[in-house]
file target.cif (mmCIF, C-alpha atoms)
data_structure
loop_
_atom_site.label_atom_id
_atom_site.label_comp_id
_atom_site.auth_asym_id
_atom_site.auth_seq_id
_atom_site.Cartn_x
_atom_site.Cartn_y
_atom_site.Cartn_z
CA MET A 1 -26.76 -6.26 -28.63
CA LEU A 2 -26.53 -2.61 -29.53
CA GLU A 3 -23.24 -0.81 -29.95
CA TYR A 4 -22.76 2.18 -27.63
CA GLU A 5 -22.49 4.71 -30.45
CA GLY A 6 -25.49 6.45 -31.96
CA VAL A 7 -24.46 5.34 -35.44
CA GLN A 8 -24.48 1.55 -35.46
CA TYR A 9 -21.91 -0.42 -37.45
CA LYS A 10 -24.06 -3.53 -37.79
CA GLY A 11 -26.31 -3.16 -40.81
CA PHE A 12 -24.02 -0.71 -42.65
CA ARG A 13 -23.90 -1.85 -46.28
CA ASN A 14 -25.05 -1.06 -49.79
CA ILE A 15 -28.56 -1.90 -51.02
CA TYR A 16 -28.99 -3.66 -54.37
CA ASN A 17 -31.96 -4.08 -56.72
CA GLU A 18 -32.92 -7.31 -58.47
CA GLU A 19 -30.54 -6.51 -61.32
CA GLY A 20 -27.69 -6.36 -58.85
CA GLU A 21 -27.21 -2.61 -59.11
CA ALA A 22 -26.50 -0.64 -55.97
CA THR A 23 -29.37 1.79 -55.44
CA GLY A 24 -28.23 3.15 -52.11
CA PHE A 25 -26.99 2.15 -48.70
CA GLN A 26 -28.35 1.61 -45.22
CA VAL A 27 -27.15 2.47 -41.74
CA GLY A 28 -28.51 1.82 -38.23
CA ILE A 29 -29.06 4.45 -35.56
CA ARG A 30 -30.04 4.13 -31.90
CA MET A 31 -31.28 6.43 -29.16
CA ILE A 32 -28.58 6.85 -26.51
CA GLY A 33 -31.26 7.64 -23.96
CA TYR A 34 -33.78 6.18 -21.57
CA ARG A 35 -36.85 5.89 -23.73
CA GLY A 36 -37.74 4.94 -27.24
CA ALA A 37 -39.72 7.25 -29.50
CA TRP A 38 -43.31 7.06 -30.66
CA LEU A 39 -42.84 7.37 -34.39
CA SER A 40 -44.97 10.53 -34.47
CA GLU A 41 -42.37 12.10 -32.18
CA PHE A 42 -39.34 10.92 -34.13
CA ARG A 43 -37.38 13.75 -35.68
CA PHE A 44 -34.92 13.28 -38.50
CA GLY A 45 -32.35 15.75 -39.71
CA TYR A 46 -30.07 13.88 -42.08
CA ILE A 47 -27.57 11.15 -42.77
CA GLU A 48 -24.31 12.60 -44.01
CA VAL A 49 -21.55 10.63 -45.70
CA ASP A 50 -18.22 12.27 -46.57
CA GLY A 51 -19.88 15.68 -46.60
CA GLU A 52 -22.92 14.70 -48.71
CA LYS A 53 -26.19 15.15 -46.80
CA PHE A 54 -29.22 12.92 -47.35
CA LEU A 55 -32.45 14.46 -46.05
CA ALA A 56 -35.70 12.68 -45.26
CA ASP A 57 -36.93 12.80 -48.87
CA ARG A 58 -34.15 10.38 -49.87
CA CYS A 59 -34.55 8.07 -46.87
CA THR A 60 -36.93 5.45 -45.52
CA PHE A 61 -36.96 4.18 -41.94
CA VAL A 62 -37.21 0.54 -40.86
CA VAL A 63 -38.58 -0.11 -37.37
CA SER A 64 -39.17 -3.67 -36.14
CA GLY A 65 -38.98 -4.87 -39.73
CA VAL A 66 -41.53 -2.39 -41.15
CA GLU A 67 -40.35 0.30 -43.57
CA TYR A 68 -41.86 3.81 -43.39
CA THR A 69 -41.45 7.10 -45.21
CA TYR A 70 -40.85 10.08 -42.94
CA GLU A 71 -44.36 11.40 -43.73
CA GLU A 72 -45.89 8.08 -42.70
CA THR A 73 -44.31 8.32 -39.27
CA PHE A 74 -46.14 11.57 -38.47
CA ASN A 75 -49.43 9.86 -37.56
CA LEU A 76 -47.98 6.85 -35.79
CA GLY A 77 -48.46 7.82 -32.16
CA ARG A 78 -49.01 4.20 -31.14
CA VAL A 79 -45.98 2.66 -32.85
CA LYS A 80 -42.79 2.69 -30.85
CA TRP A 81 -39.22 2.72 -32.04
CA PRO A 82 -38.01 0.52 -29.18
CA LEU A 83 -35.07 1.78 -27.18
CA ASN A 84 -33.29 -1.56 -27.46
CA GLU A 85 -33.53 -1.65 -31.24
CA ALA A 86 -31.52 0.06 -33.97
CA MET A 87 -33.59 1.84 -36.60
CA ILE A 88 -32.31 1.11 -40.10
CA VAL A 89 -32.23 4.17 -42.33
CA ARG A 90 -32.27 3.20 -46.01
CA VAL A 91 -30.78 5.92 -48.19
CA GLN A 92 -31.26 6.37 -51.95
CA LYS A 93 -27.91 6.91 -53.67
CA PRO A 94 -27.51 5.43 -57.14
CA GLY A 95 -24.31 3.40 -57.22
CA GLY A 96 -24.23 3.15 -53.43
CA LEU A 97 -21.11 3.90 -51.42
CA ALA A 98 -17.64 3.01 -52.68
CA GLN A 99 -15.71 0.22 -51.06
CA GLY A 100 -13.50 1.57 -48.30
CA SER A 101 -13.63 4.15 -45.50
CA HIS A 102 -16.35 6.76 -45.00
CA THR A 103 -17.19 9.41 -42.43
CA VAL A 104 -20.84 8.83 -41.50
CA SER A 105 -22.92 11.30 -39.49
CA ALA A 106 -26.54 11.21 -38.40
CA LEU A 107 -28.77 13.88 -36.84
CA TYR A 108 -32.04 12.77 -35.31
CA GLY A 109 -34.06 12.99 -32.11
CA GLN A 110 -37.45 12.82 -30.50
CA VAL A 111 -39.87 15.37 -29.14
CA ALA A 112 -39.71 15.62 -25.36
CA SER A 113 -43.03 16.94 -24.00
CA TYR A 114 -41.68 16.97 -20.46
CA VAL A 115 -39.06 19.65 -21.10
CA PRO A 116 -39.88 23.28 -21.90
CA PHE A 117 -40.49 24.48 -25.43
CA GLY A 118 -37.38 25.74 -27.13
CA SER A 119 -37.00 28.71 -29.34
CA GLY A 120 -38.56 27.52 -32.57
CA GLU A 121 -41.69 26.08 -34.09
CA LEU A 122 -39.75 23.86 -36.49
CA ASP A 123 -39.74 20.95 -34.17
CA ILE A 124 -43.43 20.93 -33.39
CA ASN A 125 -44.28 21.22 -37.05
CA GLN A 126 -41.98 18.32 -37.82
CA LYS A 127 -39.97 19.98 -40.55
CA PRO A 128 -36.96 17.90 -41.49
CA GLY A 129 -33.92 19.19 -39.70
CA GLY A 130 -35.88 21.02 -37.01
CA HIS A 131 -34.63 20.12 -33.58
CA GLY A 132 -35.47 23.17 -31.49
CA HIS A 133 -36.53 21.44 -28.32
CA SER A 134 -36.48 17.76 -28.99
CA GLU A 135 -33.88 15.55 -27.45
CA SER A 136 -31.73 15.60 -30.56
CA PHE A 137 -28.53 13.76 -31.21
CA GLY A 138 -25.82 14.21 -33.78
CA TYR A 139 -23.22 11.49 -34.07
CA THR A 140 -20.28 10.82 -36.38
CA ARG A 141 -18.38 7.60 -36.94
CA GLU A 142 -15.65 6.37 -39.26
CA MET A 143 -16.98 3.28 -41.03
CA ILE A 144 -15.96 0.85 -43.78
CA ILE A 145 -18.01 -0.49 -46.69
CA VAL A 146 -16.77 -3.92 -47.78
CA MET B 1 -41.20 -6.20 20.93
CA SER B 2 -39.85 -2.68 20.67
CA GLU B 3 -41.33 -0.32 18.17
CA GLU B 4 -39.19 -0.18 15.07
CA ARG B 5 -37.77 3.19 14.12
CA LYS B 6 -39.18 4.35 10.80
CA VAL B 7 -36.47 5.31 8.33
CA PRO B 8 -36.39 5.71 4.55
CA LYS B 9 -35.66 2.58 2.54
CA ARG B 10 -33.05 2.32 -0.22
CA GLY B 11 -33.43 1.49 -3.87
CA ILE B 12 -32.25 2.53 -7.29
CA SER B 13 -33.59 3.74 -10.59
CA THR B 14 -32.52 2.03 -13.80
CA TYR B 15 -31.75 5.60 -14.93
CA CYS B 16 -28.35 5.22 -13.22
CA PHE B 17 -27.20 2.97 -16.04
CA TYR B 18 -29.38 3.96 -18.98
CA PRO B 19 -26.85 4.40 -21.79
CA GLN B 20 -25.33 1.00 -20.96
CA LEU B 21 -28.54 -1.04 -21.14
CA GLY B 22 -28.70 -3.28 -24.17
CA VAL B 23 -25.00 -2.55 -24.74
CA ASN B 24 -22.98 -3.64 -21.71
CA MET B 25 -25.64 -4.71 -19.24
CA ASP B 26 -29.25 -5.78 -18.94
CA LEU B 27 -31.90 -5.68 -16.24
CA GLU B 28 -30.53 -8.72 -14.40
CA ASP B 29 -27.12 -7.06 -14.11
CA ILE B 30 -28.79 -4.13 -12.34
CA PHE B 31 -30.58 -6.55 -10.01
CA MET B 32 -27.23 -8.16 -9.15
CA HIS B 33 -25.79 -4.77 -8.19
CA MET B 34 -28.90 -4.04 -6.11
CA GLN B 35 -28.52 -7.33 -4.27
CA ASP B 36 -24.86 -6.54 -3.52
CA MET B 37 -25.85 -3.17 -2.08
CA GLY B 38 -28.92 -4.35 -0.17
CA ALA B 39 -30.89 -1.80 -2.17
CA THR B 40 -34.14 -3.63 -2.78
CA GLY B 41 -36.42 -0.92 -4.19
CA LEU B 42 -36.61 -0.56 -7.94
CA GLU B 43 -37.67 2.15 -10.30
CA ILE B 44 -37.81 1.23 -13.96
CA LEU B 45 -38.20 3.61 -16.85
CA ALA B 46 -40.81 1.37 -18.38
CA ASP B 47 -40.40 2.41 -21.96
CA GLY B 48 -36.74 1.48 -22.17
CA ILE B 49 -36.82 -1.51 -19.85
CA ILE B 50 -39.80 -3.50 -21.13
CA PRO B 51 -39.03 -5.02 -24.54
CA GLY B 52 -42.01 -4.43 -26.80
CA TYR B 53 -43.36 -1.67 -24.50
CA PRO B 54 -46.24 -1.11 -23.98
CA TYR B 55 -47.06 -4.70 -24.94
CA PRO B 56 -44.57 -7.06 -23.26
CA SER B 57 -44.38 -10.66 -24.39
CA GLU B 58 -45.42 -13.58 -22.20
CA GLU B 59 -41.81 -14.72 -22.32
CA TRP B 60 -40.51 -11.43 -20.95
CA LEU B 61 -43.20 -11.30 -18.26
CA ASN B 62 -42.19 -14.74 -17.05
CA LYS B 63 -38.57 -13.63 -16.96
CA TRP B 64 -39.52 -10.46 -15.04
CA PHE B 65 -41.41 -12.29 -12.32
CA GLY B 66 -38.63 -14.87 -12.05
CA LEU B 67 -35.95 -12.22 -11.61
CA ILE B 68 -37.96 -10.19 -9.11
CA LYS B 69 -38.26 -13.27 -6.96
CA LYS B 70 -34.69 -14.44 -7.42
CA TYR B 71 -33.16 -11.11 -6.36
CA ASP B 72 -35.83 -10.08 -3.78
CA ILE B 73 -36.59 -6.91 -5.72
CA VAL B 74 -39.43 -4.64 -4.58
CA PRO B 75 -41.00 -3.00 -7.64
CA VAL B 76 -41.54 0.51 -6.29
CA GLU B 77 -41.94 3.01 -9.05
CA TYR B 78 -42.87 2.70 -12.69
CA GLY B 79 -41.54 5.64 -14.67
CA HIS B 80 -43.65 6.71 -17.62
CA TRP B 81 -44.58 9.72 -19.72
CA VAL B 82 -47.88 11.17 -20.83
CA GLU B 83 -46.93 12.74 -24.14
CA SER B 84 -48.57 16.07 -24.81
CA ARG B 85 -46.81 16.89 -28.08
CA LEU B 86 -47.57 13.54 -29.58
CA TYR B 87 -48.40 14.66 -33.10
CA PRO B 88 -46.92 17.34 -35.37
CA GLY B 89 -48.19 20.78 -34.50
CA GLN B 90 -49.63 19.65 -31.17
CA ARG B 91 -48.93 21.58 -27.97
CA GLU B 92 -51.32 19.81 -25.63
CA ALA B 93 -52.75 16.39 -26.37
CA SER B 94 -56.50 15.93 -25.90
CA LEU B 95 -57.95 14.41 -22.75
CA GLU B 96 -58.65 11.18 -24.64
CA GLU B 97 -55.13 10.95 -26.08
CA SER B 98 -53.64 11.57 -22.65
CA LEU B 99 -55.87 9.08 -20.85
CA GLU B 100 -55.16 6.37 -23.39
CA GLN B 101 -51.48 6.58 -22.49
CA LEU B 102 -51.98 6.99 -18.77
CA ILE B 103 -54.52 4.20 -18.23
CA ARG B 104 -52.45 1.79 -20.33
CA ASP B 105 -49.50 2.46 -18.02
CA ILE B 106 -51.56 2.22 -14.82
CA LYS B 107 -52.62 -1.29 -15.80
CA LEU B 108 -49.16 -2.39 -16.87
CA ALA B 109 -47.52 -0.93 -13.74
CA HIS B 110 -49.97 -2.83 -11.56
CA TYR B 111 -49.48 -6.06 -13.48
CA LEU B 112 -45.72 -5.85 -12.98
CA GLY B 113 -46.19 -5.33 -9.23
CA PHE B 114 -45.49 -1.61 -8.89
CA THR B 115 -47.29 0.51 -6.32
CA CYS B 116 -46.18 3.96 -7.50
CA MET B 117 -45.76 5.65 -10.81
CA ARG B 118 -43.56 8.56 -11.77
CA THR B 119 -46.14 10.20 -13.96
CA LYS B 120 -44.40 12.68 -16.24
CA LEU B 121 -46.88 15.08 -17.75
CA GLY B 122 -46.09 17.43 -20.59
CA VAL B 123 -44.97 20.93 -19.58
CA ILE B 124 -45.79 24.37 -20.90
CA SER B 125 -43.35 26.70 -19.10
CA GLU B 126 -39.68 27.11 -18.28
CA THR B 127 -40.34 26.19 -14.64
CA LEU B 128 -42.12 23.01 -15.75
CA ASP B 129 -45.77 23.92 -15.18
CA PRO B 130 -47.86 20.97 -16.39
CA VAL B 131 -50.28 21.02 -19.32
CA SER B 132 -53.37 23.17 -18.72
CA ASN B 133 -55.73 20.15 -18.64
CA TRP B 134 -53.75 18.21 -16.01
CA ARG B 135 -56.60 18.31 -13.47
CA GLU B 136 -59.02 16.74 -15.93
CA ILE B 137 -56.50 14.09 -16.94
CA ILE B 138 -55.69 13.07 -13.37
CA HIS B 139 -59.30 13.31 -12.20
CA GLU B 140 -60.41 10.91 -14.93
CA ALA B 141 -57.51 8.53 -14.22
CA LEU B 142 -58.02 8.39 -10.44
CA PRO B 143 -60.63 5.61 -10.49
CA TYR B 144 -58.18 3.47 -12.49
CA ALA B 145 -55.30 4.25 -10.13
CA GLU B 146 -57.50 3.25 -7.22
CA ALA B 147 -58.78 0.08 -8.88
CA PHE B 148 -55.25 -0.97 -9.82
CA ASN B 149 -53.72 0.33 -6.58
CA VAL B 150 -50.96 2.51 -7.97
CA VAL B 151 -50.22 6.08 -6.90
CA MET B 152 -49.61 8.57 -9.70
CA GLN B 153 -46.80 10.94 -8.80
CA PRO B 154 -45.49 13.83 -10.80
CA GLU B 155 -41.80 14.32 -10.16
CA ILE B 156 -40.95 17.68 -8.63
CA HIS B 157 -37.69 18.44 -10.36
CA ALA B 158 -35.38 21.45 -10.57
CA PRO B 159 -35.78 24.17 -11.69
CA THR B 160 -39.18 23.82 -9.99
CA LYS B 161 -39.03 24.88 -6.33
CA LEU B 162 -41.03 23.10 -3.63
CA THR B 163 -42.63 26.43 -2.78
CA ASP B 164 -43.78 27.14 -6.36
CA ARG B 165 -47.45 27.66 -7.03
CA MET B 166 -47.71 24.51 -9.15
CA VAL B 167 -46.72 22.36 -6.16
CA ASN B 168 -49.37 24.09 -4.08
CA ASP B 169 -51.87 23.53 -6.91
CA TYR B 170 -51.12 19.81 -6.73
CA VAL B 171 -51.63 19.80 -2.94
CA GLU B 172 -54.96 21.62 -3.29
CA PHE B 173 -56.01 19.10 -5.93
CA ILE B 174 -55.12 16.15 -3.68
CA GLU B 175 -57.08 17.65 -0.81
CA LYS B 176 -60.07 18.52 -2.97
CA GLU B 177 -60.18 15.03 -4.49
CA ASN B 178 -59.47 13.53 -1.06
CA THR B 179 -57.33 10.91 -2.75
CA LYS B 180 -54.36 8.75 -1.79
CA TYR B 181 -53.68 7.94 -5.42
CA PHE B 182 -51.96 11.15 -6.44
CA GLY B 183 -48.81 12.40 -4.75
CA PHE B 184 -45.22 13.46 -5.35
CA ASN B 185 -41.84 12.12 -6.19
CA ILE B 186 -39.46 14.77 -4.87
CA ASP B 187 -36.23 14.79 -6.84
CA PHE B 188 -33.36 15.66 -4.48
CA GLY B 189 -31.95 17.88 -7.21
CA VAL B 190 -34.36 20.57 -5.97
CA PHE B 191 -32.07 20.93 -2.93
CA GLN B 192 -28.84 21.18 -4.94
CA ASN B 193 -26.98 24.21 -3.57
CA LYS B 194 -23.63 23.90 -5.30
CA PRO B 195 -22.89 23.52 -9.01
CA VAL B 196 -21.39 20.33 -10.39
CA PRO B 197 -18.06 21.47 -11.86
CA GLU B 198 -18.60 19.85 -15.27
CA MET B 199 -22.26 20.90 -15.41
CA ALA B 200 -22.17 24.40 -13.93
CA ARG B 201 -24.31 25.89 -16.70
CA PHE B 202 -27.34 23.87 -15.53
CA PHE B 203 -27.22 25.16 -11.94
CA ARG B 204 -29.80 27.82 -11.02
CA GLU B 205 -28.84 29.59 -7.81
CA ASP B 206 -32.25 31.28 -7.67
CA ARG B 207 -34.14 27.97 -7.80
CA VAL B 208 -32.82 26.16 -4.70
CA SER B 209 -35.36 24.68 -2.28
CA LYS B 210 -34.61 24.52 1.45
CA PRO B 211 -34.60 21.09 3.11
CA GLU B 212 -37.48 22.11 5.42
CA ASP B 213 -39.64 22.98 2.39
CA ILE B 214 -40.31 19.25 2.06
CA ILE B 215 -42.05 18.97 5.45
CA PRO B 216 -45.61 19.93 4.41
CA LEU B 217 -45.32 17.69 1.34
CA LEU B 218 -44.09 14.54 3.09
CA PRO B 219 -47.60 13.08 3.66
CA TYR B 220 -48.04 13.00 -0.12
CA VAL B 221 -44.59 11.64 -1.01
CA HIS B 222 -44.33 7.90 -1.61
CA CYS B 223 -40.80 7.74 -2.98
CA CYS B 224 -38.06 10.13 -3.98
CA HIS B 225 -35.42 10.35 -6.62
CA ALA B 226 -32.28 10.38 -4.53
CA LYS B 227 -30.47 12.43 -7.14
CA TYR B 228 -26.69 12.48 -7.01
CA TYR B 229 -24.26 14.27 -9.24
CA ASN B 230 -20.91 13.76 -7.62
CA MET B 231 -20.03 11.13 -5.03
CA SER B 232 -16.55 11.79 -3.63
CA ALA B 233 -14.04 9.07 -2.77
CA ASP B 234 -14.86 9.58 0.90
CA PHE B 235 -18.54 8.84 0.22
CA GLU B 236 -20.11 12.30 0.30
CA GLU B 237 -22.48 13.87 -2.21
CA THR B 238 -20.84 17.24 -2.73
CA THR B 239 -23.70 19.32 -4.16
CA ILE B 240 -26.90 18.36 -2.26
CA PRO B 241 -27.53 18.71 1.52
CA TYR B 242 -28.54 15.07 1.98
CA ARG B 243 -28.00 14.89 5.73
CA GLU B 244 -30.43 17.70 6.45
CA VAL B 245 -33.12 16.31 4.13
CA ILE B 246 -32.88 12.74 5.39
CA GLN B 247 -32.78 13.90 9.00
CA ILE B 248 -36.08 15.72 8.41
CA MET B 249 -37.54 12.58 6.84
CA ILE B 250 -36.52 10.48 9.83
CA GLU B 251 -37.88 13.04 12.31
CA HIS B 252 -41.23 12.90 10.50
CA GLY B 253 -41.30 9.12 10.31
CA TRP B 254 -41.16 9.05 6.51
CA ASP B 255 -40.25 5.53 5.42
CA GLY B 256 -40.68 5.56 1.66
CA TYR B 257 -38.02 4.61 -0.84
CA LEU B 258 -35.01 6.71 -1.78
CA LEU B 259 -34.28 5.69 -5.34
CA SER B 260 -30.75 6.47 -6.49
CA GLU B 261 -30.70 8.47 -9.66
CA TYR B 262 -27.32 9.37 -11.09
CA GLU B 263 -27.36 12.50 -13.20
CA GLY B 264 -23.69 13.40 -13.12
CA PRO B 265 -21.16 13.32 -15.93
CA HIS B 266 -19.45 10.33 -17.61
CA LYS B 267 -22.48 8.09 -17.94
CA GLU B 268 -20.73 6.62 -20.97
CA ASP B 269 -18.27 4.97 -18.56
CA ILE B 270 -19.92 1.92 -17.01
CA ASN B 271 -17.26 1.57 -14.32
CA HIS B 272 -17.79 5.17 -13.27
CA CYS B 273 -21.57 4.60 -13.00
CA ILE B 274 -21.06 1.47 -10.90
CA GLU B 275 -18.56 3.19 -8.60
CA GLN B 276 -20.82 6.23 -8.16
CA VAL B 277 -23.89 4.17 -7.22
CA ARG B 278 -21.88 2.08 -4.74
CA ARG B 279 -20.51 5.24 -3.14
CA HIS B 280 -24.04 6.63 -3.01
CA HIS B 281 -25.31 3.64 -1.06
CA VAL B 282 -22.38 3.72 1.37
CA PHE B 283 -23.30 7.39 1.90
CA MET B 284 -27.00 6.71 2.44
CA LYS B 285 -26.33 3.77 4.76
CA LYS B 286 -24.11 5.99 6.89
CA ILE B 287 -26.79 8.68 7.14
CA LEU B 288 -29.47 6.09 7.90
CA GLY B 289 -27.26 4.54 10.57
CA GLN B 290 -27.04 1.18 8.82
#
call {"tool": "encode", "arguments": {"input": "target.cif", "output": "structure tokens"}}
result
Amino acid sequence: MLEYEGVQYKGFRNIYNEEGEATGFQVGIRMIGYRGAWLSEFRFGYIEVDGEKFLADRCTFVVSGVEYTYEETFNLGRVKWPLNEAMIVRVQKPGGLAQGSHTVSALYGQVASYVPFGSGELDINQKPGGHGHSESFGYTREMIIV
Amino acid sequence: MSEERKVPKRGISTYCFYPQLGVNMDLEDIFMHMQDMGATGLEILADGIIPGYPYPSEEWLNKWFGLIKKYDIVPVEYGHWVESRLYPGQREASLEESLEQLIRDIKLAHYLGFTCMRTKLGVISETLDPVSNWREIIHEALPYAEAFNVVMQPEIHAPTKLTDRMVNDYVEFIEKENTKYFGFNIDFGVFQNKPVPEMARFFREDRVSKPEDIIPLLPYVHCCHAKYYNMSADFEETTIPYREVIQIMIEHGWDGYLLSEYEGPHKEDINHCIEQVRRHHVFMKKILGQ
């Protein structure tokens, strides 16, 4: 089952390489909405932890078990991020997150062709952080790394 | 045997509960509520309801057909989108890109037993004018809609007014094509004449349709979104003139489905959503004399 919140607790942990060093962390996000997103319409702003922002160039995105860079998602108009599935965002951060409490935010969304264009071109051109007229969501949650 | 009076039928859209699905409830829970309320007509938002959309598994299909039978559900309307800004930089998808999406959904809607579709096209204006190539898209899809026996219906939704040119354009298109496979879903929000207190900034006083504006469109309407924003404790919708609209429907012998669609505040509260939809069906039953 999903959790109600946009930022999902399940899946929140550090990522380790074969040498056992933490190379980053991962966190799940979900669409609190009524449709999933074709990956070409997925928009990502950032993951933010304790005030440090991680943009798309430091993240990869796991959908139904397959990991994509943000650039790879741009052409995937036939691959769906299912509504009933959390997307795992894997974030590069040498050393990972410290044990204990963190404030985790995520900004993301999807293009909505059925609502009017907004003010900017950012969203159409898929620049990271551009959310002019997509259905965009920003969520924050207090979370613990064990 | 006396002739039965034709009145609208009741149903609900899964939209009423969308943030709760996969969290606190699933499709069967919605069916149980529908059974309790005697609201047999169903609209799904296909994308979010069908796991693996647009390619459901055999296992899920078996479950779907089992549940439909168990709860006596009538699959009425299949909600889907034709994305027009599908790729970066795109403002209007090509005819081929649009048809690929639309025909895929026509076939799936038919397979699942639906007879109508809420066909959401991309828009290009503040008053929701559809993409410039909508006639081509629909014209090319009509043979599929006919073969698979599903009616494509754009939803006429505020801030569009029923008297806007785009609605008339649709009517002219239907008449020119002489087709029964393209029509309308009228969202009752077009009649909203009072703001919802918590959502006042969305209310457009200059964009209110009159109940009688629906009369010339009724022959093309197969089902409606019975939009509600605020059901009071004494079972009244406080922002939309339901009685007038439904009375007109009854006078004209319209007997399609009214599909409850809750768009008020506090959708994060499952108990609130359940209470609102129950109140809505008490309200509709009273108006329908049931």
call {"tool": "interface_residues", "arguments": {"input": "target.cif", "of": "chain A", "to": "chain B", "cutoff": "8 Å", "atoms": "all atoms listed in the file", "output": "compact mmCIF listing (two decimals) with C-alpha atoms, keeping the file's coordinate frame"}}
result
# COMPACT_ATOMS: atom_id res chain seq x y z
CA MET A 1 -26.76 -6.26 -28.63
CA LEU A 2 -26.53 -2.61 -29.53
CA GLU A 3 -23.24 -0.81 -29.95
CA TYR A 4 -22.76 2.18 -27.63
CA ILE A 32 -28.58 6.85 -26.51
CA GLY A 33 -31.26 7.64 -23.96
CA TYR A 34 -33.78 6.18 -21.57
CA ARG A 35 -36.85 5.89 -23.73
CA GLY A 36 -37.74 4.94 -27.24
CA TRP A 38 -43.31 7.06 -30.66
CA SER A 40 -44.97 10.53 -34.47
CA GLU A 41 -42.37 12.10 -32.18
CA PHE A 74 -46.14 11.57 -38.47
CA ASN A 75 -49.43 9.86 -37.56
CA GLY A 77 -48.46 7.82 -32.16
CA LYS A 80 -42.79 2.69 -30.85
CA PRO A 82 -38.01 0.52 -29.18
CA LEU A 83 -35.07 1.78 -27.18
CA ASN A 84 -33.29 -1.56 -27.46
CA VAL A 111 -39.87 15.37 -29.14
CA ALA A 112 -39.71 15.62 -25.36
CA SER A 113 -43.03 16.94 -24.00
CA TYR A 114 -41.68 16.97 -20.46
CA VAL A 115 -39.06 19.65 -21.10
CA PRO A 116 -39.88 23.28 -21.90
CA PHE A 117 -40.49 24.48 -25.43
CA ILE A 124 -43.43 20.93 -33.39
CA ASN A 125 -44.28 21.22 -37.05
CA GLN A 126 -41.98 18.32 -37.82
call {"tool": "resolve_selection", "arguments": {"input": "target.cif", "expression": "the PyMOL selection byres ((chain B and resi 66-68) around 12)", "output": "number ranges by chain"}}
result
B: 26-32, 34-35, 40-42, 59-65, 69-76, 112-114
call {"tool": "residues_around", "arguments": {"input": "target.cif", "residues": "stretch 24-30 of chain A", "least_positions_apart": "3", "cutoff": "9 Å", "atoms": "all atoms listed in the file", "output": "PDB file with C-alpha atoms, keeping the file's coordinate frame"}}
result
ATOM      1  CA  LEU A   2     -26.530  -2.610 -29.530  1.00  0.00           C
ATOM      2  CA  GLU A   3     -23.240  -0.810 -29.950  1.00  0.00           C
ATOM      3  CA  TYR A   4     -22.760   2.180 -27.630  1.00  0.00           C
ATOM      4  CA  GLU A   5     -22.490   4.710 -30.450  1.00  0.00           C
ATOM      5  CA  GLY A   6     -25.490   6.450 -31.960  1.00  0.00           C
ATOM      6  CA  VAL A   7     -24.460   5.340 -35.440  1.00  0.00           C
ATOM      7  CA  GLN A   8     -24.480   1.550 -35.460  1.00  0.00           C
ATOM      8  CA  TYR A   9     -21.910  -0.420 -37.450  1.00  0.00           C
ATOM      9  CA  LYS A  10     -24.060  -3.530 -37.790  1.00  0.00           C
ATOM     10  CA  GLY A  11     -26.310  -3.160 -40.810  1.00  0.00           C
ATOM     11  CA  PHE A  12     -24.020  -0.710 -42.650  1.00  0.00           C
ATOM     12  CA  ARG A  13     -23.900  -1.850 -46.280  1.00  0.00           C
ATOM     13  CA  ASN A  14     -25.050  -1.060 -49.790  1.00  0.00           C
ATOM     14  CA  ILE A  15     -28.560  -1.900 -51.020  1.00  0.00           C
ATOM     15  CA  TYR A  16     -28.990  -3.660 -54.370  1.00  0.00           C
ATOM     16  CA  GLY A  33     -31.260   7.640 -23.960  1.00  0.00           C
ATOM     17  CA  ILE A  47     -27.570  11.150 -42.770  1.00  0.00           C
ATOM     18  CA  LEU A  83     -35.070   1.780 -27.180  1.00  0.00           C
ATOM     19  CA  ASN A  84     -33.290  -1.560 -27.460  1.00  0.00           C
ATOM     20  CA  GLU A  85     -33.530  -1.650 -31.240  1.00  0.00           C
ATOM     21  CA  ALA A  86     -31.520   0.060 -33.970  1.00  0.00           C
ATOM     22  CA  MET A  87     -33.590   1.840 -36.600  1.00  0.00           C
ATOM     23  CA  ILE A  88     -32.310   1.110 -40.100  1.00  0.00           C
ATOM     24  CA  VAL A  89     -32.230   4.170 -42.330  1.00  0.00           C
ATOM     25  CA  ARG A  90     -32.270   3.200 -46.010  1.00  0.00           C
ATOM     26  CA  VAL A  91     -30.780   5.920 -48.190  1.00  0.00           C
ATOM     27  CA  GLN A  92     -31.260   6.370 -51.950  1.00  0.00           C
ATOM     28  CA  LYS A  93     -27.910   6.910 -53.670  1.00  0.00           C
ATOM     29  CA  PRO A  94     -27.510   5.430 -57.140  1.00  0.00           C
ATOM     30  CA  GLY A  95     -24.310   3.400 -57.220  1.00  0.00           C
ATOM     31  CA  GLY A  96     -24.230   3.150 -53.430  1.00  0.00           C
ATOM     32  CA  LEU A  97     -21.110   3.900 -51.420  1.00  0.00           C
ATOM     33  CA  VAL A 104     -20.840   8.830 -41.500  1.00  0.00           C
ATOM     34  CA  ALA A 106     -26.540  11.210 -38.400  1.00  0.00           C
ATOM     35  CA  TYR A 108     -32.040  12.770 -35.310  1.00  0.00           C
TER      36      TYR A 108
END
call {"tool": "residues_near_point", "arguments": {"input": "target.cif", "point": "(-47.8, 12.4, -3.9)", "cutoff": "8 Å", "atoms": "only C-alpha atoms", "output": "VMD selection string"}}
result
chain B and resid 151 to 154 180 to 185 217 219 to 222
call {"tool": "closest_residue", "arguments": {"input": "target.cif", "among": "B:Ile106, B:Phe283, B:Glu77, B:Ile137", "to": "B:Ala93", "atoms": "only C-alpha atoms"}}
result
B:Ile137
call {"tool": "resolve_selection", "arguments": {"input": "target.cif", "expression": "the PyMOL selection byres ((chain B and resi 187-197) around 6)", "output": "list in words"}}
result
Ile156, His157, Ala158, Ile186, Glu198, Met199, Ala200, Phe203, Val208, Ser209, Cys224, His225, Ala226, Lys227, Thr239 and Ile240 of chain B
